[in-house]
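See below for the structure under consideration.
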Amino acid sequence: MIKYKQFTDTMAASFYENPDLKRERQSCNFDKDEITNLIDGNVEKTKYRRELVEYILSDPSLKDPIPVEYLSHEEKYAAELKKACLLVQKMREPVPKEAKFETLRKRQENGKPLDIGVGPSSVILKEGNALGLHFVMFIPAIIGQGSTEQQNKWLPRALNLEIIGTYAQTELGHGTFLRGLETKATYDPDTKEFILETPSLSAYKWWPGGLGKTSNYAVVMAQLYTKGKCEGIHPFLVQLRDETTHEPLPGIFVGEIGPKLGLNSNDNGYLGFDRVRIPRDQLLMKHSQVLEDGTYVKPKSTKLGYATMVYVRVFIVQDMAQVLRKAVTIATRYSCVRHQSELKPGEPEPQILDYKAQQNKLFPALAASFAFHFAAEKVWNLYHLATENIGKGDLQMLPDLHGMSCAMKALSTSETAKFVETLRQSCGGHGYMVSSGFPRLYGIATASETYEGENTVLWLQVARYLIKTRMDGSGGQSVAYLIGSNLPDNKAVDLSLDGIINLFQRVAAGYVDLAMKELAEHGRQGMAPYDAWNHSAVQLIKAAQAHARYLVADCFVRSVKEDKLSGPVRSILNELCEFLLIYWLFAELKTEHLSQLQAKYMELLSIIRGYAVNVVDSFDIRDEALGSVLGCWDGNAYQRLFDEALKSPLNRNAVHRESFEKYLKPLMKSKL
Ligand SMILES: CC/C=C\C/C=C\C/C=C\C/C=C\C/C=C\C/C=C\CCC(=O)SCCNC(=O)CCNC(=O)[C@H](O)C(C)(C)COP(=O)(O)OP(=O)(O)OC[C@H]1O[C@@H](n2cnc3c(N)ncnc32)[C@H](O)[C@@H]1OP(=O)(O)O
Ligand SMILES: Cc1cc2nc3c(=O)[nH]c(=O)nc-3n(C[C@H](O)[C@H](O)[C@H](O)COP(=O)(O)OP(=O)(O)OC[C@H]3O[C@@H](n4cnc5c(N)ncnc54)[C@H](O)[C@@H]3O)c2cc1C
């Protein structure tokens, strides 16, 4: 290792707490645990999560020997998969008899397994997760699309990880337009099998997570042909690899698609079929069936086959709240410890957290992390209720669930991606380091804008629902304000939370009406409806975005009003809620309203400045899970930046001998 002049000894560093952070923490006047419990769900859930995280982090076999960024593409996959597998094994073993793991042990004694889901796995897996799709889509697809018999056969094996699967829908040629998928599954009544076929290059499955090297099964979406007729896309459970040797089965062409902007430990893959036969009962038959003689039995709605995507869209809203909490924790703590420039002439350099412009970068994201947390809760509840009803044959809630999940997925991912970039910038040059943690978070947020329905496409789905509702009054609860007599009145701007929600409805309804006018105008000019729709897309997307903001804002306001909160926490959430609502309104309002809101906005910046550090502390994210030298709890950012830089392989020796001797030296010695 090369030598450097050291300013902190390691022992002293382990007791260090940055004085600026310490001062903020000493002035905390609310119960941080209350916010922690609110995010976890309740006190017991917090206790469970903390023990689980400690249990995982105290295991030396789950630690990275060197930062994964220094590994090759192949090594990265292997190292992260190893951790994922060890994690799963660990969660199955009996927890040791230590007092600090009492909750975990009791849980196991009561026959409840330890969670291996998003929270625990994201503590140690930060670069994507080869087993993620198995848990997030493969198992939910079997549950949501499989008949009871099929679930009984496949679920226990999948839950035990005897088989590992993914969700293979997107193809090289089509991701958005599902009706355009080309993979074929043709029923052969003689053998009672489906024959899977990839008819062209563009029909190759492309993208599925964990497909390249990890999965031995997949739920494959393919066009179902029976009795010479195409019945549209359907889910098939297909074995891809031998269960013992892991070799691809005959007729299966499978591999990995290469490096991506982020999530590089996940082996996203490609897949092709050359006349691969599977038994008839591997068409997942909860909603539609093919009988032995090839007769097709229709589902109650063709859109029930899209249900796995709806589930994941809901899941993503929750994931975005988590990403935002991490990003805003890093940027707020760093802004507290970083001093730069001059605020008052001649005075010491202030904390950058005191600049209004800096607060304007941090606090909207802080507020939005709560907004998306509450929105995720609401849409989960709706999802469970709608699914229960669908199980009883009542599909009435399906359009509202689709509209709401598309709106919230698109808004939460696009806002999170934008905020993560702003928060990165708020940390200046150091934010650009991989060790800041921002590149990984940006990789997740931007991927989420694209996967599970590209956002523009989802906005247009939302717009379709809004326009339909406005025209025939058929929409559900989330769009009730657009129906006839429910339309928000045009009273003067009132700055109460309810008043602002009314304003949000007016803005959204206004955009919907403008889009309708535009559609009608195009119609009058002789355009066909599909052309008019395309020409009105910009306005339609604006309407969908305003509606999504209304939905999320409304959830926030309702959650803040619940009486389970203490006075101090209620007023913090109230202020953050009001602040976010004004921030979003700025994007929509005309100048006459702006000055009224501007003063309130500036006042709220100062108020939030008072508790921002303590609020991010209450997110209770362990340093190891945060994965950022800038955002660590102790605020020892410079020392940690330095320590991390010293891990670079280029710092093993003072001179990189080989490149110096071979290239630099000859260059410097050569004459013109
Ligand atoms: C150790 C490890 C342990 C544990 C690990 C645990 C956890 C893992 C950790 C971390 C993971 C974290 C996060 C990541 C999670 C998951 C994401 C990962 C990968 C992503 C996977 C994918 O991307 S899968 C592929 C997704 N693809 C899409 O979303 C495609 C988008 N396209 C569509 O949805 C559709 O084609 C369409 C909606 C755009 C159009 O469809 P179609 O042409 O058929 O329809 P129309 O436009 O004609 O509309 C017709 C009517 O149908 C209604 N409609 C459409 N869709 C739906 C629906 N889904 N539900 C209900 N109704 C629907 C539409 O509204 C129309 O109605 P009308 O009444 O107006 O006619
Ligand atoms: C990290 C990652 C992981 C993924 N994991 C999986 C997986 O596990 N399984 C799986 O099956 N898939 C997966 N995908 C694929 C993903 O679901 C698709 O990429 C996504 O649905 C977008 O489809 P597309 O790539 O065909 O984009 P396209 O539809 O080709 O989009 C290109 C552009 O065209 C625009 N566009 C398309 N249609 C319209 C329209 N009707 N109106 C206006 N504009 C339009 C879009 O807005 C976009 O700007 C993954 C993708 C990523 C990035």
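Labeling convention for the structure tokens: chains A, B, ... as they appear, residues from 1 per chain, ligands from 1 in order of appearance.
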All residues having an atom within 6 Å of ligand 2 (only C-alpha atoms and all ligand atoms) as JSON, numbers by chain: {"A": [167, 168, 169, 170, 174, 175, 176, 207, 208, 209, 447, 450, 451, 452, 453, 454, 456, 457]}
Check which residues of chain A sit at most 6 Å from ligand 1 using only C-alpha atoms and all ligand atoms, and return one row each with the closest pair of atoms and their distance in Å to one decimal, ordered by chain and rising number, as a Markdown table.
```
| residue | atom | partner | partner_atom_place_in_ligand_line | distance |
| --- | --- | --- | --- | --- |
| A:Ala84 | CA | ligand 1 | 1 (C) | 4.1 |
| A:Leu87 | CA | ligand 1 | 1 (C) | 5.9 |
| A:Val88 | CA | ligand 1 | 1 (C) | 5.6 |
| A:Ile116 | CA | ligand 1 | 3 (C) | 4.9 |
| A:Gly117 | CA | ligand 1 | 6 (C) | 3.9 |
| A:Val118 | CA | ligand 1 | 7 (C) | 4.0 |
| A:Ser121 | CA | ligand 1 | 3 (C) | 5.3 |
| A:Leu131 | CA | ligand 1 | 2 (C) | 5.0 |
| A:Gly132 | CA | ligand 1 | 8 (C) | 3.7 |
| A:Phe135 | CA | ligand 1 | 6 (C) | 5.2 |
| A:Val136 | CA | ligand 1 | 7 (C) | 5.7 |
| A:Gln169 | CA | ligand 1 | 25 (C) | 5.7 |
| A:Thr170 | CA | ligand 1 | 25 (C) | 5.7 |
| A:Gly175 | CA | ligand 1 | 30 (C) | 5.6 |
| A:Thr176 | CA | ligand 1 | 32 (N) | 4.1 |
| A:Phe177 | CA | ligand 1 | 36 (O) | 4.5 |
| A:Leu178 | CA | ligand 1 | 36 (O) | 4.3 |
| A:Arg179 | CA | ligand 1 | 43 (O) | 5.7 |
| A:Lys303 | CA | ligand 1 | 61 (C) | 5.1 |
| A:Tyr306 | CA | ligand 1 | 59 (N) | 4.6 |
| A:Ala307 | CA | ligand 1 | 59 (N) | 5.7 |
| A:Met309 | CA | ligand 1 | 29 (O) | 5.8 |
| A:Val310 | CA | ligand 1 | 59 (N) | 5.5 |
| A:Val312 | CA | ligand 1 | 16 (C) | 5.8 |
| A:Ile316 | CA | ligand 1 | 13 (C) | 6.0 |
| A:Leu398 | CA | ligand 1 | 61 (C) | 5.4 |
| A:Pro399 | CA | ligand 1 | 61 (C) | 5.3 |
| A:His402 | CA | ligand 1 | 60 (N) | 4.7 |
| A:Tyr451 | CA | ligand 1 | 23 (O) | 3.9 |
| A:Glu452 | CA | ligand 1 | 29 (O) | 3.6 |
| A:Gly453 | CA | ligand 1 | 29 (O) | 3.3 |
| A:Val457 | CA | ligand 1 | 39 (C) | 5.8 |
| A:Gln461 | CA | ligand 1 | 65 (O) | 5.9 |
| A:Arg464 | CA | ligand 1 | 70 (O) | 6.0 |
```
Considering only C-alpha atoms, return as a PyMOL selection string whatever protein or nucleic-acid residues lie within 12 Å of region 66-76 of chain A, sequence-local ones (same chain, fewer than 2 positions apart) excluded. chain A and resi 62-64+78-83+124-130+212-213+256-260+262-267+433-435+437+439-440+627-628+643-650
Residue contacts of Gln340 (chain A) (7 Å, only C-alpha atoms) excluding same-chain residues fewer than 3 positions away, as a PDB file with C-alpha atoms, in the first residue's frame:
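See result.pdb below for the written result:
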```pdb
ATOM      1  CA  GLU A 349     -17.785  29.488   5.899  1.00  0.00           C
ATOM      2  CA  PRO A 350     -21.349  28.307   6.661  1.00  0.00           C
ATOM      3  CA  GLN A 351     -22.752  24.798   6.483  1.00  0.00           C
ATOM      4  CA  ILE A 352     -24.043  24.422   2.939  1.00  0.00           C
TER       5      ILE A 352
END
```
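For region 225-265 of chain A, backbone-based DSSP assignment of strand (DSSP E or B) covers Tyr225, Thr226, Lys229, Cys230, Glu231, Gly232, Ile233, His234, Pro235, Phe236, Leu237, Val238, Gln239, Arg241, Pro248, Ile252, Phe253, Val254, Gly255 and Glu256 of chain A.
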Tell me which protein, DNA and RNA residues are within 12 Å of Gln108 (chain A), counting only C-alpha atoms, leaving out same-chain ones fewer than 3 positions away, and put them as an mmCIF file with C-alpha atoms, in the first residue's frame.
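Once everything was written out, this is selection.cif:
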```cif
data_model
loop_
_atom_site.group_PDB
_atom_site.id
_atom_site.type_symbol
_atom_site.label_atom_id
_atom_site.label_comp_id
_atom_site.auth_asym_id
_atom_site.auth_seq_id
_atom_site.Cartn_x
_atom_site.Cartn_y
_atom_site.Cartn_z
ATOM 1 C CA TYR A 48 -37.865 -7.086 14.031
ATOM 2 C CA MET A 91 -32.550 -17.065 6.871
ATOM 3 C CA ARG A 92 -33.395 -20.792 6.949
ATOM 4 C CA GLU A 93 -30.992 -21.698 9.759
ATOM 5 C CA PRO A 94 -32.002 -21.478 13.423
ATOM 6 C CA VAL A 95 -31.042 -18.087 14.877
ATOM 7 C CA PRO A 96 -28.386 -18.421 17.656
ATOM 8 C CA LYS A 97 -29.505 -17.948 21.252
ATOM 9 C CA PHE A 101 -31.841 -11.727 18.284
ATOM 10 C CA GLU A 102 -34.713 -12.643 20.584
ATOM 11 C CA THR A 103 -37.490 -11.434 18.240
ATOM 12 C CA LEU A 104 -36.037 -13.417 15.334
ATOM 13 C CA ARG A 105 -35.771 -16.569 17.398
ATOM 14 C CA GLY A 111 -43.115 -21.329 12.632
ATOM 15 C CA LYS A 112 -42.756 -18.043 10.749
ATOM 16 C CA PRO A 113 -39.757 -17.830 8.401
ATOM 17 C CA LEU A 114 -37.431 -14.820 8.434
ATOM 18 C CA ASP A 115 -37.986 -12.399 5.540
#
```
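For Leu172 (chain A), the residues within 8 Å (counting only C-alpha atoms, excluding itself and residues fewer than 3 positions away along the chain) are Gly175, Leu201, Ser202, Ala203, Tyr204, Lys205 and Trp206 of chain A.
Each of A:Thr46, A:Ser559, A:Thr214, A:Thr446 was checked against Cys85 (chain A) using only C-alpha atoms; the smallest atom-to-atom distance is that of A:Thr214.
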